[in-house]
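Visitor: First the structure, then my questions, so here it is.
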Amino acid sequence: MVGLQEAPRCEIEVNYNQFGANPTPEMNPVEDYFVQNNENSGSPLLYNPSSPQNSPGSESSTNAKPDHMNRASDLLMAVSIGVGLNKNKIIEQAVEAMEELFKLAIMGEPLWQHNGNGGMETLNGFQYLREFGSFDATMEQIMRMVEVGEPQCFLSSDCNCNFDQDVPSSFSKLNFEPLNIETSRETAFVEMNPMNIVQLLMDTKQWATTFYSIVSRTTLLGVILENVDGSYNGVLQVMSAEFHQRTPLIPARQCYFARYCKKHTNGTWGVVDVSLENLFPYPQVQFRRWPSGCVIQEVGNRGSKVTWIEHVEVDNRSLHPLFRPIVSSGFAFSAKRWIVTINRHCQWLTTSTARTAPTTDGVLIPQEGRESLLKLAEKMTKNFFNNINSCSENVWSGLPQNFAAQGVRLRYGNILKVPGKPSGNIVIFTTSIQIPVPMEVLFDFLRHERTRNRWDLLSNQRHVRELVYVSNGENPKNRVSIMQVNSSPNKIGILYLQESYTDETGSYIVYAPMDIMAMSKILNGGNPKFVSILPSGFSIMPDKAPGQGDGAVGSILTLAFQSVDRLSNKEYMPQSTLKIIDAILSTTVASIKDAMLFGIR
């Protein structure tokens with residue numbers, strides 16, 4: 001470790017004429033495609049593109065509403081909530097939701113139960129109905145049916161249920177829909193005071209920025225109740241949002257909901273969300289948030305104790321079979337995921353403002369350079385998450401069936417424009433596979449410099465070195481790194497910016513090729529906004545929830561690559577490009593599988 005406060009300007013000694021992504025004679029067509037089409041990535045003076053250019057629809061396209069349809073729905077909802085009668089209904093529902101949230105936060109067994117050894121806390125459906133519903137003769141009859149093994153539909157973590165909420169205290173009318181119930185609760189310490197957490201949640205821009213790995217899109221549609229004391233106490237607002245996972249194979253979840261903030265007498269804060277579909281009927285409800293949110297208690301001057309609760313109904317019929325166990329268990333969108341994300345944000349804030357940080361081989365980075373490097377890494381990772389999810393703005397297509405790679409999804413991103421260079425379409429392509437090894441084993445293999453040349457086509461048979469890194473948090477594997485790939489002892493082939501991060505809910509490794517001049521400017525405090533970046537990488541999820549079923553927990557790996565293709569456009573992609581995409585994915589998958597299942601890890 002070295003101090004960075006008094007560090008001199010950072011210099012990377014390389015021959016500028018030797019650096020660059022220039023194809024060498026030994027490159028194969030796949031390498032040549034990556035190198036030639038990405039020669040402008042990681043370079044300065046990127047034109048900031050406008051809206052994404054979506055790929056044309058096809059029979060294999062992921063179902064997604066065009067963005068203008070979402071905007072129209074938001075507009076109609078904003079008009080509807082302005083009606084006086086609707087406002088009163090929203091207020092009443094929000095107050096009831098807050099009361100339920102606090103009860104859910106403080107109650108224990110038998111309402112909450114642990115699923116298996118080390119499993120997450122989930123609601124007991126019957127106990128929930130006894131506590132929060134009208135336990136009338138109809139419900140008693142259904143319970144007896146369950147006890148004798150007859151078909152059922154109930155509020156539990158593994159069955160489908162829907163009932164009419166127009167009269168919250170009555171279940172006299174049961175209307176069954178194929179909606180799966182997901183519930184979870186997580187309590188943890190967060191190094192942030194309650195007021196800052198409340199502001200982070202109530203400010204829609206901050207909320208979307210902090211939880212970019214979960215929230216695809218959010219819109220503030222209206223404020224029903226404003227604050228009266230300069231804080232967020234009593235504020236009630238109506239929002240729309242899309243929630244995603246890091247793969248196009250898990251459908252994004254979109255809903256309209258009220259978010260209500262309340263400070264209680266003991267200084268404890270509550271922030272609760274509750275869906276509004278029962279007040280504004282939709283022809284088909286695919287996702288609904290029951291009272292969900294967090295209760296925040298101050299813990300001295302050190303931070304806050306946060307209890308997060310997720311309680312949702314979701315239509316999982318279009319879910320890819322590979323992800324069905326982990327999603328249906330509730331773990332993929334669990335309360336734990338929100339908690340670890342806010343803690344990751346706190347770690348990032350601490351790292352970016354620290355006066356010292358770990359580095360490699362005595363390389364000194366000035367503090368402003370470290371801040372710029374972390375901001376560029378955050379920009380890269382946000383770009384990656386935005387590119388590979390299934391939000392309504394991302395329209396995915398599949399490869400024809402005669403290609404080797406299976407389950408491939410591809411789409412067009414923005415048009416890349418760099419002054420003095422021909423423009424090109426960004427092509428994003430991805431696939432997901434199951435590998436029967438623990439997440440940490442796969443994560444270490446993909447992130448480490450020593451094993452990169454075993455899966456990276458551009459590092460094959462070449463020496464890879466981690467020039468410098470900045471740790472993010474207590475886990476030394478969570479870090480932002482600069483990787484150097486040498487094509488020969490005296491020639492630098494590629495520089496990569498890489499971020500690797502792992503927690504209990506999943507892992508990711510995101511990287512992008514960087515121009516040497518742009519990287520030097522960043523390390524000396526340059527503005528990352530003016531650097532173009534085309535991230536590729538990996539997202540890793542467990543293949544089932546902890547404590548779910550028998551056997552060890554394996555991994556689901558999502559690979560995603562991004563490249564500039566000047567031969568393609570949104571109406572046409574040549575056969576040669578499709579073949580190269582197929583070769584990149586199938587070769588990379590085979591290399592990773594061979595290393596994990598047969599090679600030395």
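Following the order of the structure tokens, chains are lettered A, B, ..., residues in each are numbered from 1, and ligands are numbered from 1.
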Do a neighbour search on stretch 271-285 of chain A at 7 Å with only C-alpha atoms, toss out local chain neighbours closer than 3 positions, and write the hits as a ChimeraX atom specification.
Guide: /A:94,97-98,101,165-166,255-262,288-295
Visitor: Generate a file of the selected residues that holds N, CA, C and O atoms, formatted as a PDB file, in the first residue's frame.
Guide:
```pdb
ATOM      1  N   ALA A  94     -51.647   4.552   0.868  1.00  0.00           N
ATOM      2  CA  ALA A  94     -50.268   4.732   1.315  1.00  0.00           C
ATOM      3  C   ALA A  94     -50.150   4.657   2.828  1.00  0.00           C
ATOM      4  O   ALA A  94     -49.198   4.072   3.366  1.00  0.00           O
ATOM      5  N   ALA A  97     -50.410   1.125   3.847  1.00  0.00           N
ATOM      6  CA  ALA A  97     -49.177   0.416   3.474  1.00  0.00           C
ATOM      7  C   ALA A  97     -48.070   0.680   4.480  1.00  0.00           C
ATOM      8  O   ALA A  97     -47.302  -0.222   4.834  1.00  0.00           O
ATOM      9  N   MET A  98     -47.963   1.925   4.967  1.00  0.00           N
ATOM     10  CA  MET A  98     -46.931   2.254   5.943  1.00  0.00           C
ATOM     11  C   MET A  98     -47.159   1.494   7.248  1.00  0.00           C
ATOM     12  O   MET A  98     -46.205   0.981   7.868  1.00  0.00           O
ATOM     13  N   LEU A 101     -46.033  -2.019   6.642  1.00  0.00           N
ATOM     14  CA  LEU A 101     -44.583  -2.128   6.544  1.00  0.00           C
ATOM     15  C   LEU A 101     -43.946  -2.198   7.923  1.00  0.00           C
ATOM     16  O   LEU A 101     -43.053  -3.035   8.169  1.00  0.00           O
ATOM     17  N   GLN A 165     -58.359  -6.183  -4.393  1.00  0.00           N
ATOM     18  CA  GLN A 165     -57.970  -5.271  -3.326  1.00  0.00           C
ATOM     19  C   GLN A 165     -58.880  -4.068  -3.225  1.00  0.00           C
ATOM     20  O   GLN A 165     -58.620  -3.162  -2.461  1.00  0.00           O
ATOM     21  N   ASP A 166     -59.952  -4.016  -4.027  1.00  0.00           N
ATOM     22  CA  ASP A 166     -60.810  -2.829  -3.987  1.00  0.00           C
ATOM     23  C   ASP A 166     -61.347  -2.587  -2.581  1.00  0.00           C
ATOM     24  O   ASP A 166     -61.553  -1.471  -2.151  1.00  0.00           O
ATOM     25  N   CYS A 255     -44.075  -1.190 -13.113  1.00  0.00           N
ATOM     26  CA  CYS A 255     -45.313  -0.903 -12.395  1.00  0.00           C
ATOM     27  C   CYS A 255     -45.383   0.578 -12.032  1.00  0.00           C
ATOM     28  O   CYS A 255     -44.390   1.309 -12.098  1.00  0.00           O
ATOM     29  N   TYR A 256     -46.600   0.994 -11.662  1.00  0.00           N
ATOM     30  CA  TYR A 256     -46.868   2.319 -11.111  1.00  0.00           C
ATOM     31  C   TYR A 256     -47.121   2.146  -9.616  1.00  0.00           C
ATOM     32  O   TYR A 256     -47.829   1.229  -9.206  1.00  0.00           O
ATOM     33  N   PHE A 257     -46.538   3.019  -8.810  1.00  0.00           N
ATOM     34  CA  PHE A 257     -46.693   2.848  -7.377  1.00  0.00           C
ATOM     35  C   PHE A 257     -46.585   4.192  -6.671  1.00  0.00           C
ATOM     36  O   PHE A 257     -46.040   5.173  -7.195  1.00  0.00           O
ATOM     37  N   ALA A 258     -47.148   4.216  -5.474  1.00  0.00           N
ATOM     38  CA  ALA A 258     -47.005   5.373  -4.589  1.00  0.00           C
ATOM     39  C   ALA A 258     -45.844   5.109  -3.652  1.00  0.00           C
ATOM     40  O   ALA A 258     -45.685   3.989  -3.140  1.00  0.00           O
ATOM     41  N   ARG A 259     -45.024   6.129  -3.416  1.00  0.00           N
ATOM     42  CA  ARG A 259     -43.927   6.036  -2.452  1.00  0.00           C
ATOM     43  C   ARG A 259     -44.181   7.060  -1.358  1.00  0.00           C
ATOM     44  O   ARG A 259     -44.298   8.252  -1.624  1.00  0.00           O
ATOM     45  N   TYR A 260     -44.255   6.568  -0.126  1.00  0.00           N
ATOM     46  CA  TYR A 260     -44.637   7.398   1.019  1.00  0.00           C
ATOM     47  C   TYR A 260     -43.532   7.346   2.061  1.00  0.00           C
ATOM     48  O   TYR A 260     -43.010   6.270   2.390  1.00  0.00           O
ATOM     49  N   CYS A 261     -43.162   8.507   2.589  1.00  0.00           N
ATOM     50  CA  CYS A 261     -42.112   8.609   3.599  1.00  0.00           C
ATOM     51  C   CYS A 261     -42.708   9.157   4.895  1.00  0.00           C
ATOM     52  O   CYS A 261     -43.457  10.136   4.876  1.00  0.00           O
ATOM     53  N   LYS A 262     -42.371   8.534   6.017  1.00  0.00           N
ATOM     54  CA  LYS A 262     -42.934   8.939   7.297  1.00  0.00           C
ATOM     55  C   LYS A 262     -41.886   8.785   8.400  1.00  0.00           C
ATOM     56  O   LYS A 262     -41.215   7.764   8.502  1.00  0.00           O
ATOM     57  N   ARG A 288     -46.932  -6.420  -9.562  1.00  0.00           N
ATOM     58  CA  ARG A 288     -47.610  -5.598  -8.559  1.00  0.00           C
ATOM     59  C   ARG A 288     -46.771  -5.585  -7.272  1.00  0.00           C
ATOM     60  O   ARG A 288     -46.342  -6.639  -6.807  1.00  0.00           O
ATOM     61  N   ARG A 289     -46.532  -4.397  -6.741  1.00  0.00           N
ATOM     62  CA  ARG A 289     -45.807  -4.269  -5.466  1.00  0.00           C
ATOM     63  C   ARG A 289     -46.800  -4.124  -4.322  1.00  0.00           C
ATOM     64  O   ARG A 289     -47.525  -3.138  -4.244  1.00  0.00           O
ATOM     65  N   TRP A 290     -46.844  -5.120  -3.443  1.00  0.00           N
ATOM     66  CA  TRP A 290     -47.532  -4.988  -2.188  1.00  0.00           C
ATOM     67  C   TRP A 290     -46.654  -4.120  -1.291  1.00  0.00           C
ATOM     68  O   TRP A 290     -45.533  -3.780  -1.676  1.00  0.00           O
ATOM     69  N   PRO A 291     -47.120  -3.718  -0.110  1.00  0.00           N
ATOM     70  CA  PRO A 291     -46.291  -2.844   0.720  1.00  0.00           C
ATOM     71  C   PRO A 291     -44.858  -3.362   0.857  1.00  0.00           C
ATOM     72  O   PRO A 291     -44.603  -4.406   1.453  1.00  0.00           O
ATOM     73  N   SER A 292     -43.939  -2.631   0.258  1.00  0.00           N
ATOM     74  CA  SER A 292     -42.514  -2.979   0.229  1.00  0.00           C
ATOM     75  C   SER A 292     -41.710  -1.723   0.527  1.00  0.00           C
ATOM     76  O   SER A 292     -42.159  -0.615   0.238  1.00  0.00           O
ATOM     77  N   GLY A 293     -40.533  -1.902   1.046  1.00  0.00           N
ATOM     78  CA  GLY A 293     -39.705  -0.734   1.340  1.00  0.00           C
ATOM     79  C   GLY A 293     -38.790  -1.003   2.511  1.00  0.00           C
ATOM     80  O   GLY A 293     -38.377  -2.151   2.731  1.00  0.00           O
ATOM     81  N   CYS A 294     -38.472   0.052   3.274  1.00  0.00           N
ATOM     82  CA  CYS A 294     -37.518  -0.138   4.359  1.00  0.00           C
ATOM     83  C   CYS A 294     -37.856   0.711   5.571  1.00  0.00           C
ATOM     84  O   CYS A 294     -38.469   1.781   5.457  1.00  0.00           O
ATOM     85  N   VAL A 295     -37.443   0.193   6.720  1.00  0.00           N
ATOM     86  CA  VAL A 295     -37.533   0.901   7.995  1.00  0.00           C
ATOM     87  C   VAL A 295     -36.099   1.199   8.424  1.00  0.00           C
ATOM     88  O   VAL A 295     -35.244   0.317   8.430  1.00  0.00           O
TER      89      VAL A 295
END
```
Visitor: Would you mind listing what lies within 8 Å of stretch 307-317 of chain A as a VMD selection string, with only C-alpha atoms counted and same-chain residues fewer than 2 positions away left out?
Guide: chain A and resid 101 104 to 105 161 178 to 188 253 286 to 296 305 319 328 334 to 336 338 to 339
Visitor: Could you tell me which of A:Leu123, A:Val306, A:Ile342, A:Ala552 comes closest to A:Glu109 if we count only C-alpha atoms?
Guide: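 Looking at the shortest contact to A:Glu109, the residue is A:Leu123.
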Visitor: List the spatial neighbours of stretch 375-381 of chain A as JSON, numbers by chain - criterion: any atom at most 12 Å away, only C-alpha atoms, same-chain residues fewer than 6 positions off excluded.
Guide: {"A": [41, 42, 209, 210, 212, 213, 246, 344, 345, 348, 349, 351, 352, 353, 368, 369, 387, 388, 469, 470, 472, 479, 480, 481, 482, 496, 497, 498, 499, 500, 501, 508, 509, 510, 511, 512, 513, 514, 518, 519, 521, 522, 523, 525, 526, 527, 528, 529, 530, 531, 532, 533, 534, 535, 536, 537, 538, 539, 562]}
Visitor: If you run DSSP on the backbone, which residues of stretch 155-360 of chain A are strand (DSSP E or B), as a VMD selection string?
Guide: chain A and resid 160 163 174 180 to 190 215 to 225 236 to 243 253 to 263 269 to 275 287 to 289 292 to 299 303 to 314 356 to 357
